[in-house]
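Source file: run_11.cif; contents: mmCIF, C-alpha atoms and all ligand atoms.
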data_run
#
loop_
_atom_site.label_atom_id
_atom_site.label_comp_id
_atom_site.auth_asym_id
_atom_site.auth_seq_id
_atom_site.Cartn_x
_atom_site.Cartn_y
_atom_site.Cartn_z
CA MET A 28 -7.68 -21.05 -8.38
CA ALA A 29 -10.40 -19.59 -6.13
CA SER A 30 -13.60 -18.53 -7.89
CA VAL A 31 -14.86 -14.96 -7.62
CA ARG A 32 -17.58 -16.22 -5.26
CA ASP A 33 -15.03 -18.04 -3.03
CA LYS A 34 -12.91 -14.89 -2.90
CA PHE A 35 -15.92 -12.78 -2.01
CA GLU A 36 -16.84 -15.16 0.81
CA LEU A 37 -13.26 -15.29 2.08
CA HIS A 38 -13.12 -11.49 2.12
CA GLN A 39 -16.44 -11.26 3.97
CA GLN A 40 -15.21 -13.77 6.55
CA LEU A 41 -11.92 -11.94 6.98
CA LYS A 42 -13.68 -8.61 7.33
CA GLY A 43 -16.04 -10.06 9.97
CA ALA A 44 -13.23 -11.67 11.96
CA VAL A 45 -10.97 -8.60 11.86
CA GLY A 46 -13.93 -6.37 12.77
CA GLU A 47 -14.61 -8.63 15.78
CA LEU A 48 -10.97 -8.39 16.89
CA CYS A 49 -11.04 -4.61 16.48
CA ARG A 50 -14.12 -4.31 18.71
CA GLY A 51 -11.78 -5.26 21.55
CA PHE A 52 -9.85 -2.05 20.79
CA PRO A 53 -12.46 0.71 20.88
CA ASP A 54 -12.07 4.45 20.25
CA SER A 55 -10.97 5.04 23.84
CA TYR A 56 -8.02 2.64 23.39
CA TRP A 57 -6.66 4.60 20.40
CA ARG A 58 -7.50 7.95 21.98
CA ASP A 59 -5.54 7.17 25.15
CA LEU A 60 -2.54 5.93 23.16
CA ASP A 61 -2.67 9.06 21.03
CA ALA A 62 -2.62 11.31 24.09
CA GLY A 63 0.50 9.56 25.41
CA ARG A 64 2.04 8.90 21.97
CA ALA A 65 2.24 5.25 23.01
CA TYR A 66 2.64 2.15 20.85
CA PRO A 67 -0.44 -0.09 20.49
CA GLU A 68 1.38 -3.14 21.84
CA ALA A 69 -1.76 -5.07 22.86
CA PHE A 70 -3.38 -4.49 19.46
CA VAL A 71 -0.27 -5.56 17.52
CA LYS A 72 0.03 -8.68 19.69
CA ALA A 73 -3.62 -9.57 19.11
CA LEU A 74 -3.31 -9.08 15.34
CA THR A 75 -0.15 -11.19 15.29
CA ARG A 76 -1.62 -13.95 17.50
CA ALA A 77 -4.62 -14.17 15.19
CA GLY A 78 -2.21 -14.74 12.28
CA TYR A 79 -3.11 -11.61 10.32
CA MET A 80 0.45 -10.29 10.25
CA ALA A 81 1.47 -13.49 8.44
CA THR A 82 -1.20 -13.16 5.74
CA LEU A 83 1.32 -12.88 2.87
CA ILE A 84 3.82 -15.44 4.18
CA PRO A 85 3.48 -18.69 2.19
CA GLU A 86 2.08 -21.69 4.05
CA GLU A 87 5.38 -23.60 3.74
CA TYR A 88 6.93 -20.94 6.01
CA GLY A 89 4.05 -20.99 8.47
CA GLY A 90 1.95 -18.14 7.09
CA ALA A 91 -1.55 -18.00 5.63
CA GLY A 92 -0.33 -17.94 2.01
CA LEU A 93 -2.94 -15.39 0.97
CA GLY A 94 -2.57 -12.45 -1.41
CA VAL A 95 -2.38 -8.68 -1.29
CA ALA A 96 -6.15 -8.56 -1.91
CA GLU A 97 -6.70 -10.35 1.43
CA ALA A 98 -4.07 -8.28 3.24
CA ALA A 99 -5.89 -5.18 1.91
CA VAL A 100 -9.21 -6.41 3.34
CA ILE A 101 -7.57 -6.85 6.76
CA LEU A 102 -5.90 -3.44 6.85
CA GLU A 103 -8.96 -1.67 5.48
CA GLU A 104 -11.10 -3.21 8.21
CA VAL A 105 -8.70 -2.11 10.95
CA HIS A 106 -9.03 1.46 9.68
CA ARG A 107 -12.78 1.21 9.06
CA SER A 108 -13.13 0.21 12.70
CA GLY A 109 -11.38 3.41 13.82
CA GLY A 110 -7.98 1.84 14.49
CA ASN A 111 -4.63 2.43 12.86
CA ALA A 112 -2.57 -0.35 11.31
CA ALA A 113 0.44 1.93 10.76
CA ALA A 114 1.83 0.44 13.95
CA CYS A 115 2.47 -2.84 12.18
CA HIS A 116 1.46 -2.81 8.49
CA ALA A 117 5.04 -2.68 7.19
CA GLN A 118 5.71 -6.28 8.19
CA MET A 119 3.26 -7.41 5.54
CA TYR A 120 5.07 -5.78 2.64
CA ILE A 121 8.70 -5.69 3.85
CA MET A 122 8.61 -9.44 4.27
CA GLY A 123 7.99 -9.68 0.49
CA THR A 124 11.57 -8.53 -0.23
CA VAL A 125 12.96 -11.40 1.86
CA LEU A 126 10.52 -13.81 0.23
CA ARG A 127 11.27 -12.77 -3.35
CA HIS A 128 14.99 -12.05 -3.12
CA GLY A 129 16.30 -13.75 0.03
CA SER A 130 18.17 -17.06 -0.01
CA GLU A 131 16.43 -20.26 1.07
CA ALA A 132 18.50 -20.18 4.29
CA GLN A 133 17.32 -16.62 5.05
CA LYS A 134 13.69 -17.52 4.35
CA LYS A 135 13.87 -20.57 6.63
CA LYS A 136 15.59 -18.56 9.34
CA TYR A 137 13.25 -15.57 9.37
CA LEU A 138 9.85 -16.25 7.83
CA PRO A 139 8.56 -18.99 10.18
CA ALA A 140 9.69 -16.94 13.22
CA ILE A 141 7.94 -13.86 11.81
CA ALA A 142 4.81 -15.91 11.10
CA ARG A 143 4.78 -17.25 14.69
CA GLY A 144 5.17 -13.72 16.04
CA ASP A 145 8.55 -14.52 17.65
CA LEU A 146 10.33 -11.98 15.44
CA ARG A 147 9.19 -8.59 14.28
CA LEU A 148 10.26 -7.22 10.92
CA GLN A 149 8.58 -3.86 11.15
CA ALA A 150 11.27 -1.33 10.21
CA PHE A 151 12.07 -0.21 6.70
CA GLY A 152 15.14 2.04 6.43
CA VAL A 153 15.05 4.06 3.21
CA SER A 154 14.56 7.80 3.87
CA GLU A 155 17.45 10.07 4.75
CA PRO A 156 17.49 13.69 5.89
CA THR A 157 19.41 15.12 2.93
CA THR A 158 18.11 13.07 0.00
CA GLY A 159 14.32 13.39 0.16
CA SER A 160 12.39 11.46 -2.46
CA ASP A 161 15.52 10.92 -4.59
CA THR A 162 16.49 7.56 -3.08
CA THR A 163 19.46 7.02 -5.41
CA GLN A 164 21.26 9.83 -3.57
CA ILE A 165 21.25 8.14 -0.16
CA LYS A 166 24.46 8.62 1.79
CA THR A 167 24.37 5.66 4.18
CA ILE A 168 27.30 3.41 3.31
CA ALA A 169 27.70 -0.31 3.95
CA ALA A 170 31.39 -1.12 3.34
CA ARG A 171 32.37 -4.77 3.04
CA ARG A 172 35.14 -5.81 5.44
CA GLY A 173 35.75 -9.56 5.45
CA ASP A 174 32.63 -11.26 6.79
CA THR A 175 30.84 -8.07 7.71
CA TYR A 176 29.43 -4.86 6.31
CA VAL A 177 30.27 -1.77 8.30
CA VAL A 178 27.34 0.62 8.16
CA LYS A 179 27.71 4.38 8.57
CA GLY A 180 25.03 6.96 8.01
CA GLN A 181 21.72 8.33 9.12
CA LYS A 182 18.12 7.48 8.35
CA ILE A 183 15.05 9.53 9.15
CA TRP A 184 11.35 8.78 9.54
CA ILE A 185 12.06 5.14 10.24
CA SER A 186 8.81 4.04 11.75
CA ARG A 187 8.54 1.32 14.40
CA ALA A 188 12.35 0.94 14.75
CA GLU A 189 11.93 0.85 18.52
CA HIS A 190 9.37 -1.93 18.23
CA SER A 191 11.05 -4.13 15.68
CA ASP A 192 13.71 -6.84 15.94
CA LEU A 193 14.84 -6.47 12.34
CA MET A 194 15.22 -3.64 9.87
CA LEU A 195 15.30 -3.93 6.10
CA LEU A 196 17.99 -1.36 5.35
CA ILE A 197 18.96 0.15 2.02
CA ALA A 198 22.52 1.44 1.86
CA ARG A 199 25.15 2.25 -0.72
CA THR A 200 27.74 -0.53 -1.18
CA THR A 201 29.42 1.11 -4.20
CA PRO A 202 29.99 4.89 -4.17
CA LEU A 203 27.83 6.89 -6.59
CA GLU A 204 30.92 8.08 -8.53
CA GLN A 205 31.85 4.47 -9.32
CA VAL A 206 28.54 3.28 -10.83
CA LYS A 207 27.34 3.68 -14.42
CA LYS A 208 23.70 4.25 -13.43
CA ARG A 209 22.74 5.98 -10.20
CA THR A 210 20.29 3.17 -9.42
CA GLU A 211 23.23 0.72 -9.20
CA GLY A 212 25.42 0.12 -6.17
CA LEU A 213 22.61 0.11 -3.59
CA SER A 214 22.09 -3.00 -1.48
CA VAL A 215 19.51 -4.36 0.93
CA LEU A 216 20.61 -5.69 4.33
CA LEU A 217 18.48 -7.33 6.97
CA VAL A 218 19.85 -5.71 10.11
CA ASP A 219 19.28 -7.34 13.49
CA LEU A 220 18.48 -4.30 15.62
CA ARG A 221 18.90 -6.29 18.84
CA GLN A 222 22.51 -7.08 17.96
CA ALA A 223 23.23 -3.58 16.69
CA ALA A 224 21.84 -1.85 19.80
CA GLY A 225 24.75 -0.54 21.82
CA HIS A 226 27.17 -1.31 18.98
CA GLY A 227 26.95 1.89 16.99
CA LEU A 228 23.17 2.04 16.53
CA THR A 229 21.17 4.89 18.07
CA ILE A 230 17.43 5.32 17.67
CA ARG A 231 15.80 8.64 18.51
CA PRO A 232 12.02 9.01 18.47
CA ILE A 233 10.52 11.94 16.51
CA ARG A 234 7.33 13.41 17.93
CA THR A 235 4.87 14.04 15.10
CA MET A 236 1.35 15.46 14.75
CA MET A 237 -0.08 11.97 15.14
CA ASN A 238 0.83 8.88 17.14
CA HIS A 239 3.22 7.17 14.74
CA ALA A 240 6.30 5.73 16.52
CA THR A 241 8.64 7.15 13.94
CA THR A 242 12.36 7.70 14.56
CA GLU A 243 15.76 8.90 13.43
CA VAL A 244 18.33 6.11 13.23
CA PHE A 245 22.07 6.66 13.40
CA PHE A 246 24.58 4.04 12.24
CA ASP A 247 28.05 4.73 13.55
CA GLY A 248 30.13 1.82 12.28
CA VAL A 249 27.48 -0.84 12.93
CA GLU A 250 28.84 -4.26 11.94
CA VAL A 251 26.32 -6.38 10.08
CA PRO A 252 27.16 -9.99 9.14
CA ALA A 253 27.70 -10.30 5.38
CA ASP A 254 25.11 -13.09 5.20
CA SER A 255 22.46 -10.47 6.04
CA LEU A 256 22.69 -9.24 2.45
CA ILE A 257 19.43 -9.88 0.61
CA GLY A 258 19.92 -10.97 -2.99
CA GLU A 259 22.81 -9.62 -4.98
CA GLU A 260 25.03 -6.78 -3.85
CA GLY A 261 24.35 -3.58 -5.81
CA GLN A 262 20.84 -4.62 -6.94
CA GLY A 263 18.99 -3.19 -3.92
CA PHE A 264 17.19 -0.42 -5.80
CA ARG A 265 15.50 -2.96 -8.03
CA TYR A 266 14.40 -5.00 -4.98
CA LEU A 267 13.12 -1.85 -3.35
CA LEU A 268 10.99 -0.82 -6.35
CA ASP A 269 9.58 -4.28 -6.58
CA GLY A 270 8.19 -4.06 -3.01
CA LEU A 271 6.68 -0.62 -3.45
CA ASN A 272 3.57 -1.73 -5.34
CA ALA A 273 2.42 -3.90 -2.44
CA GLU A 274 3.10 -1.05 -0.01
CA ARG A 275 1.07 1.40 -2.10
CA ILE A 276 -1.88 -0.95 -2.51
CA LEU A 277 -2.01 -1.80 1.19
CA ILE A 278 -1.75 1.80 2.35
CA ALA A 279 -4.42 2.73 -0.19
CA ALA A 280 -6.63 0.08 1.45
CA GLU A 281 -6.06 1.75 4.82
CA CYS A 282 -7.16 5.06 3.27
CA ILE A 283 -10.35 3.39 2.04
CA GLY A 284 -10.97 2.16 5.59
CA ASP A 285 -10.38 5.67 6.93
CA GLY A 286 -12.71 7.19 4.32
CA ARG A 287 -15.49 4.75 5.20
CA TRP A 288 -15.01 5.38 8.93
CA PHE A 289 -15.20 9.18 8.47
CA LEU A 290 -18.34 8.95 6.37
CA GLU A 291 -20.08 6.54 8.73
CA ARG A 292 -19.36 8.81 11.70
CA ALA A 293 -20.29 11.99 9.80
CA CYS A 294 -23.59 10.56 8.54
CA ARG A 295 -24.51 9.28 11.98
CA TYR A 296 -23.82 12.71 13.48
CA ALA A 297 -25.63 14.54 10.65
CA LYS A 298 -28.79 12.54 11.38
CA GLU A 299 -28.62 13.13 15.14
CA ARG A 300 -27.55 16.76 15.38
CA VAL A 301 -30.54 19.08 15.30
CA VAL A 302 -30.04 22.78 14.51
CA PHE A 303 -32.79 25.18 13.35
CA SER A 304 -35.27 22.48 14.39
CA ARG A 305 -34.06 19.85 11.92
CA PRO A 306 -31.18 17.40 11.55
CA ILE A 307 -28.23 19.12 9.92
CA GLY A 308 -28.08 16.18 7.47
CA GLN A 309 -31.33 17.40 5.96
CA ASN A 310 -29.46 20.34 4.42
CA GLN A 311 -27.96 19.77 1.01
CA GLY A 312 -24.99 21.90 2.05
CA VAL A 313 -24.16 19.16 4.58
CA GLN A 314 -25.23 16.20 2.42
CA PHE A 315 -23.39 17.00 -0.79
CA PRO A 316 -19.80 17.02 0.49
CA LEU A 317 -20.51 13.65 2.16
CA ALA A 318 -22.13 12.22 -0.96
CA ARG A 319 -19.24 13.41 -3.14
CA ALA A 320 -16.65 11.99 -0.74
CA TYR A 321 -18.57 8.70 -0.68
CA ALA A 322 -18.50 8.47 -4.48
CA ASN A 323 -14.76 9.14 -4.48
CA VAL A 324 -14.04 6.57 -1.76
CA GLU A 325 -16.01 3.91 -3.65
CA ALA A 326 -14.27 4.73 -6.96
CA ALA A 327 -10.87 4.58 -5.27
CA ALA A 328 -11.81 1.24 -3.66
CA LEU A 329 -12.36 -0.20 -7.14
CA MET A 330 -8.87 0.90 -8.18
CA VAL A 331 -7.40 -0.64 -5.01
CA ALA A 332 -9.16 -3.95 -5.74
CA HIS A 333 -8.04 -3.81 -9.38
CA ALA A 334 -4.39 -3.14 -8.44
CA ALA A 335 -4.47 -5.95 -5.83
CA GLN A 336 -5.90 -8.38 -8.34
CA LEU A 337 -3.18 -7.53 -10.87
CA PHE A 338 -0.50 -7.83 -8.18
CA ASP A 339 -1.77 -11.22 -7.02
CA SER A 340 -1.88 -12.53 -10.58
CA HIS A 341 1.74 -11.41 -11.13
CA GLN A 342 0.87 -8.85 -13.78
CA PRO A 343 2.45 -5.39 -14.06
CA CYS A 344 0.59 -3.07 -11.69
CA GLY A 345 2.84 -0.04 -11.15
CA ALA A 346 0.36 2.40 -12.67
CA GLN A 347 -2.64 0.90 -10.87
CA ALA A 348 -0.84 0.70 -7.50
CA ASN A 349 0.18 4.35 -7.81
CA MET A 350 -3.28 5.46 -8.91
CA ALA A 351 -4.88 3.45 -6.10
CA LYS A 352 -2.66 5.21 -3.55
CA LEU A 353 -3.31 8.65 -5.08
CA LEU A 354 -7.09 8.26 -5.35
CA ALA A 355 -7.55 6.56 -1.99
CA ALA A 356 -5.40 9.10 -0.12
CA ASP A 357 -7.33 11.95 -1.77
CA ALA A 358 -10.67 10.31 -0.97
CA SER A 359 -9.79 9.69 2.68
CA TRP A 360 -8.58 13.26 3.05
CA GLU A 361 -11.75 14.60 1.40
CA SER A 362 -13.84 12.44 3.75
CA ALA A 363 -11.83 13.64 6.73
CA ASN A 364 -12.48 17.27 5.83
CA ALA A 365 -16.17 16.63 5.25
CA ALA A 366 -16.39 14.82 8.60
CA VAL A 367 -14.78 17.72 10.48
CA GLN A 368 -17.08 20.20 8.77
CA THR A 369 -20.17 18.10 9.53
CA HIS A 370 -19.22 17.87 13.20
CA GLY A 371 -18.74 21.64 13.47
CA GLY A 372 -16.95 22.47 16.75
CA PHE A 373 -17.17 18.86 17.91
CA GLY A 374 -14.95 17.87 14.99
CA PHE A 375 -12.13 19.43 17.01
CA ALA A 376 -12.96 17.71 20.30
CA GLU A 377 -10.72 14.75 21.14
CA GLU A 378 -13.62 12.69 22.49
CA TYR A 379 -15.19 12.43 19.01
CA ASP A 380 -12.00 10.95 17.49
CA ILE A 381 -12.54 12.82 14.22
CA GLU A 382 -9.59 15.12 14.84
CA ARG A 383 -7.34 12.14 15.66
CA LYS A 384 -8.21 10.27 12.49
CA PHE A 385 -7.99 13.55 10.53
CA ARG A 386 -4.37 13.95 11.65
CA GLU A 387 -3.64 10.30 10.94
CA THR A 388 -5.04 10.20 7.41
CA ARG A 389 -3.25 13.42 6.41
CA LEU A 390 0.02 11.49 6.38
CA TYR A 391 -0.93 9.60 3.24
CA GLN A 392 -0.62 12.67 1.03
CA VAL A 393 3.11 12.60 1.88
CA ALA A 394 4.16 9.06 2.87
CA PRO A 395 5.15 6.50 1.82
CA VAL A 396 5.28 8.47 -1.43
CA SER A 397 4.09 12.02 -1.92
CA THR A 398 1.21 12.87 -4.23
CA ASN A 399 3.44 14.89 -6.57
CA LEU A 400 5.78 11.97 -7.09
CA ILE A 401 2.83 9.74 -8.03
CA LEU A 402 1.57 12.35 -10.50
CA ALA A 403 5.09 12.55 -11.96
CA TYR A 404 5.11 8.75 -12.31
CA ILE A 405 1.77 8.71 -14.13
CA ALA A 406 2.83 11.58 -16.38
CA GLU A 407 6.07 9.89 -17.36
CA HIS A 408 5.32 6.16 -17.33
CA VAL A 409 1.65 6.11 -18.33
CA LEU A 410 1.19 9.25 -20.42
CA GLY A 411 4.66 9.18 -21.98
CA LEU A 412 5.47 12.78 -21.05
CA PRO A 413 9.10 13.84 -20.53
CA ARG A 414 10.60 12.99 -17.15
CA SER A 415 10.16 16.04 -14.94
CA TYR A 416 12.62 15.25 -12.15
C1 LIG A 501 5.25 9.76 9.83
C2 LIG A 501 6.16 9.31 8.75
C3 LIG A 501 6.54 7.97 8.69
C4 LIG A 501 7.45 7.54 7.71
N1 LIG A 501 7.90 6.25 7.75
C5 LIG A 501 8.95 5.90 6.94
C6 LIG A 501 9.60 4.63 7.11
O1 LIG A 501 9.20 3.79 7.93
N2 LIG A 501 10.68 4.35 6.34
C7 LIG A 501 11.17 5.25 5.43
O2 LIG A 501 12.17 4.95 4.76
N3 LIG A 501 10.57 6.46 5.24
C8 LIG A 501 9.48 6.80 5.98
N4 LIG A 501 8.89 8.04 5.84
C9 LIG A 501 9.43 8.98 4.86
C10 LIG A 501 8.50 9.25 3.70
O3 LIG A 501 8.51 8.15 2.82
C11 LIG A 501 8.95 10.56 3.05
O4 LIG A 501 8.65 11.60 3.97
C12 LIG A 501 8.29 10.81 1.74
O5 LIG A 501 8.72 9.85 0.79
C13 LIG A 501 8.59 12.21 1.21
O6 LIG A 501 9.98 12.44 1.25
P1 LIG A 501 10.56 13.74 1.98
O7 LIG A 501 9.90 13.88 3.29
O8 LIG A 501 12.03 13.63 1.98
O9 LIG A 501 10.07 14.92 1.09
P2 LIG A 501 10.86 15.62 -0.12
O10 LIG A 501 11.34 14.62 -1.10
O11 LIG A 501 11.84 16.57 0.46
O12 LIG A 501 9.67 16.45 -0.76
C14 LIG A 501 9.08 17.58 -0.12
C15 LIG A 501 7.92 18.07 -1.00
O13 LIG A 501 8.42 18.43 -2.28
C16 LIG A 501 7.74 17.71 -3.29
N5 LIG A 501 8.67 17.36 -4.36
C17 LIG A 501 9.94 16.87 -4.24
N6 LIG A 501 10.47 16.69 -5.48
C18 LIG A 501 9.51 17.02 -6.37
C19 LIG A 501 9.42 17.01 -7.79
N7 LIG A 501 10.45 16.63 -8.56
N8 LIG A 501 8.27 17.44 -8.37
C20 LIG A 501 7.24 17.85 -7.63
N9 LIG A 501 7.24 17.86 -6.27
C21 LIG A 501 8.37 17.45 -5.66
C22 LIG A 501 7.20 16.46 -2.62
O14 LIG A 501 6.06 15.99 -3.30
C23 LIG A 501 6.88 16.96 -1.22
O15 LIG A 501 5.59 17.49 -1.20
C24 LIG A 501 7.92 8.47 6.76
C25 LIG A 501 7.50 9.80 6.79
C26 LIG A 501 6.64 10.23 7.78
C27 LIG A 501 6.25 11.67 7.83
#
Represent the supplied structure as structure tokens.
Amino acid sequence: MASVRDKFELHQQLKGAVGELCRGFPDSYWRDLDAGRAYPEAFVKALTRAGYMATLIPEEYGGAGLGVAEAAVILEEVHRSGGNAAACHAQMYIMGTVLRHGSEAQKKKYLPAIARGDLRLQAFGVSEPTTGSDTTQIKTIAARRGDTYVVKGQKIWISRAEHSDLMLLIARTTPLEQVKKRTEGLSVLLVDLRQAAGHGLTIRPIRTMMNHATTEVFFDGVEVPADSLIGEEGQGFRYLLDGLNAERILIAAECIGDGRWFLERACRYAKERVVFSRPIGQNQGVQFPLARAYANVEAAALMVAHAAQLFDSHQPCGAQANMAKLLAADASWESANAAVQTHGGFGFAEEYDIERKFRETRLYQVAPVSTNLILAYIAEHVLGLPRSY
């Protein structure tokens, strides 16, 4: 087992190397993509080539065999450098479902190809237009017919579907009326989007307030080979929950990166901008919101590190992963607001990038899980209060 010192050194090395890679993708790169709502193909390729997208894939399948703590360092650094890992972060945590619940044949087929960058597993198909946060109510059906599942239904907000070869799809294999518990009867399928294209699958991009390559996906009788089922039929909800902690910790790490980026930019500007014959940063009215946001980012970073450490040592971490996501998303949003305020009018100018990152970090109050749902989780599962939903 690596000592604390070894871990610290590994994290410093990773941070330095990722920072170096990100310097090749400056503000102007992200700004231009944002203006055209274009996918950061060159950035994703560079991150994949350098092996970072395979951080969590075990060495026996060609990956780096590192933990969520290391993946968090990588994603945080991308965001701290002004970039946005939302274009590719899902591969890191979706892959975990295949790793933990897939058969040996599925792992051998997919993981080495994902690690090499020959296959992209970037799309995660959970959300639906009429079910909202209540995943057990999803309407997409996968009906078994011989050697195939026939998938019918609609997903929404499925990010990166146009840029992924595979989608981890959650669908109902047993109708809700026929199960004892509403969490039963859901299954996870690994859908090959290349095969499904033109055979009942339609992907429609949704234009959002930030550059996020998200889509609506329609399944009109898409035939998926039965051997694409991950784990046991009907147990998909359990597999889904089990992957959510990693997702929450990693997105929280991105929020920490955003928070640090906002504060670095805001402090730099506050020292340079002179109004009433002195730097604006000399006024406590400008300093205090930045100092408070800094304290909150650093506190949230400790919770992210704590949750990652629990996750990597296979201990229960649902509460910590949820709290990390809540605190980090709040801290990045607070930092974003403070950065806009510090920049005054220039906070709204595209060339300063504050407004772009402000739009980007706002997402994390809502996705992948909304703040209210995290508070409801803490109230029920940590504080023992009655279930409120
Ligand atoms: C840009 C973007 C990318 C996304 N990418 C993906 C993706 O790749 N794959 C995927 O499957 N999904 C994705 N999502 C979906 C995302 O996970 C959901 O938007 C999110 O979980 C919230 O669900 P909802 O939008 O249906 O909101 P709803 O569930 O309709 O909730 C709306 C509001 O009501 C509140 N609310 C609902 N119920 C309660 C309650 N009981 N108590 C208190 N408040 C409540 C919520 O907190 C929220 O503020 C993405 C969303 C966006 C915007």
Determine, counting only C-alpha atoms, which protein, DNA and RNA residues have an atom within 7 Å of an atom of stretch 287-304 of chain A; residues of the same chain fewer than 4 positions away are not included. Present the result as a count of residues only.
11
Could you tell me which of A:Phe151, A:Trp57, A:Trp360, A:Tyr120 comes closest to ligand LIG 501 (chain A) if we count all atoms listed in the file?
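For ligand LIG 501 (chain A), the nearest of the given residues is A:Phe151.
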Within 7 Å of ligand LIG 501 (chain A), which residues show up when you count all atoms listed in the file? List them as a PDB file with C-alpha atoms, in the coordinates of the input, please.
ATOM      1  CA  ALA A 150      11.270  -1.330  10.210  1.00  0.00           C
ATOM      2  CA  PHE A 151      12.070  -0.210   6.700  1.00  0.00           C
ATOM      3  CA  GLY A 152      15.140   2.040   6.430  1.00  0.00           C
ATOM      4  CA  VAL A 153      15.050   4.060   3.210  1.00  0.00           C
ATOM      5  CA  SER A 154      14.560   7.800   3.870  1.00  0.00           C
ATOM      6  CA  PRO A 156      17.490  13.690   5.890  1.00  0.00           C
ATOM      7  CA  THR A 158      18.110  13.070   0.000  1.00  0.00           C
ATOM      8  CA  GLY A 159      14.320  13.390   0.160  1.00  0.00           C
ATOM      9  CA  SER A 160      12.390  11.460  -2.460  1.00  0.00           C
ATOM     10  CA  ASP A 161      15.520  10.920  -4.590  1.00  0.00           C
ATOM     11  CA  ILE A 183      15.050   9.530   9.150  1.00  0.00           C
ATOM     12  CA  TRP A 184      11.350   8.780   9.540  1.00  0.00           C
ATOM     13  CA  ILE A 185      12.060   5.140  10.240  1.00  0.00           C
ATOM     14  CA  SER A 186       8.810   4.040  11.750  1.00  0.00           C
ATOM     15  CA  ARG A 187       8.540   1.320  14.400  1.00  0.00           C
ATOM     16  CA  THR A 235       4.870  14.040  15.100  1.00  0.00           C
ATOM     17  CA  HIS A 239       3.220   7.170  14.740  1.00  0.00           C
ATOM     18  CA  THR A 241       8.640   7.150  13.940  1.00  0.00           C
ATOM     19  CA  LEU A 390       0.020  11.490   6.380  1.00  0.00           C
ATOM     20  CA  VAL A 393       3.110  12.600   1.880  1.00  0.00           C
ATOM     21  CA  ALA A 394       4.160   9.060   2.870  1.00  0.00           C
ATOM     22  CA  PRO A 395       5.150   6.500   1.820  1.00  0.00           C
ATOM     23  CA  VAL A 396       5.280   8.470  -1.430  1.00  0.00           C
ATOM     24  CA  SER A 397       4.090  12.020  -1.920  1.00  0.00           C
ATOM     25  CA  THR A 398       1.210  12.870  -4.230  1.00  0.00           C
ATOM     26  CA  ASN A 399       3.440  14.890  -6.570  1.00  0.00           C
ATOM     27  CA  LEU A 400       5.780  11.970  -7.090  1.00  0.00           C
ATOM     28  CA  ALA A 403       5.090  12.550 -11.960  1.00  0.00           C
ATOM     29  CA  SER A 415      10.160  16.040 -14.940  1.00  0.00           C
ATOM     30  CA  TYR A 416      12.620  15.250 -12.150  1.00  0.00           C
TER      31      TYR A 416
END
Which residue, A:Phe375, A:Ile230, A:Gly284, A:Ala140, has the smallest gap to A:Val331 when you use all atoms listed in the file?
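With all atoms listed in the file as the atom set, the closest residue is A:Gly284.
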Compile the contact shell of A:Tyr266 as a count of residues only: residues with an atom at most 12 Å away, counting only C-alpha atoms, same-chain residues fewer than 3 positions apart removed.
30
In Å, with one decimal, what is the gap from atom CA of A:His190 to atom CA of A:Cys115?
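Computing the Euclidean distance for atom CA of A:His190 and atom CA of A:Cys115 yields 9.2 Å.
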Near stretch 72-89 of chain A, counting all atoms listed in the file, which residues have an atom at most 7 Å away, once you skip same-chain residues fewer than 5 positions from it, shown as a tab-separated table (two decimals) with C-alpha atoms, keeping the file's coordinate frame?
chain	number	residue	atom	x	y	z
A	94	GLY	CA	-2.57	-12.45	-1.41
A	95	VAL	CA	-2.38	-8.68	-1.29
A	98	ALA	CA	-4.07	-8.28	3.24
A	118	GLN	CA	5.71	-6.28	8.19
A	119	MET	CA	3.26	-7.41	5.54
A	135	LYS	CA	13.87	-20.57	6.63
A	138	LEU	CA	9.85	-16.25	7.83
A	139	PRO	CA	8.56	-18.99	10.18
A	142	ALA	CA	4.81	-15.91	11.10
A	144	GLY	CA	5.17	-13.72	16.04
Start from the incomplete input, build N, CA, C and O atoms for stretch 371-375 of chain A, and deliver everything as a JSON list (two decimals), in the frame of the given file.
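Listed below is the output, selection-v5.json:
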[["chain", "number", "residue", "atom", "x", "y", "z"],
["A", 371, "GLY", "N", -18.88, 20.28, 12.95],
["A", 371, "GLY", "CA", -18.74, 21.64, 13.47],
["A", 371, "GLY", "C", -17.66, 21.66, 14.55],
["A", 371, "GLY", "O", -16.62, 21.00, 14.42],
["A", 372, "GLY", "N", -17.94, 22.35, 15.66],
["A", 372, "GLY", "CA", -16.95, 22.47, 16.75],
["A", 372, "GLY", "C", -16.54, 21.11, 17.29],
["A", 372, "GLY", "O", -15.38, 20.91, 17.68],
["A", 373, "PHE", "N", -17.49, 20.17, 17.32],
["A", 373, "PHE", "CA", -17.17, 18.86, 17.91],
["A", 373, "PHE", "C", -16.14, 18.08, 17.07],
["A", 373, "PHE", "O", -15.55, 17.14, 17.55],
["A", 374, "GLY", "N", -15.97, 18.50, 15.82],
["A", 374, "GLY", "CA", -14.95, 17.87, 14.99],
["A", 374, "GLY", "C", -13.55, 18.09, 15.57],
["A", 374, "GLY", "O", -12.62, 17.36, 15.25],
["A", 375, "PHE", "N", -13.44, 19.10, 16.42],
["A", 375, "PHE", "CA", -12.13, 19.43, 17.01],
["A", 375, "PHE", "C", -11.94, 18.83, 18.40],
["A", 375, "PHE", "O", -10.88, 18.94, 18.99]]
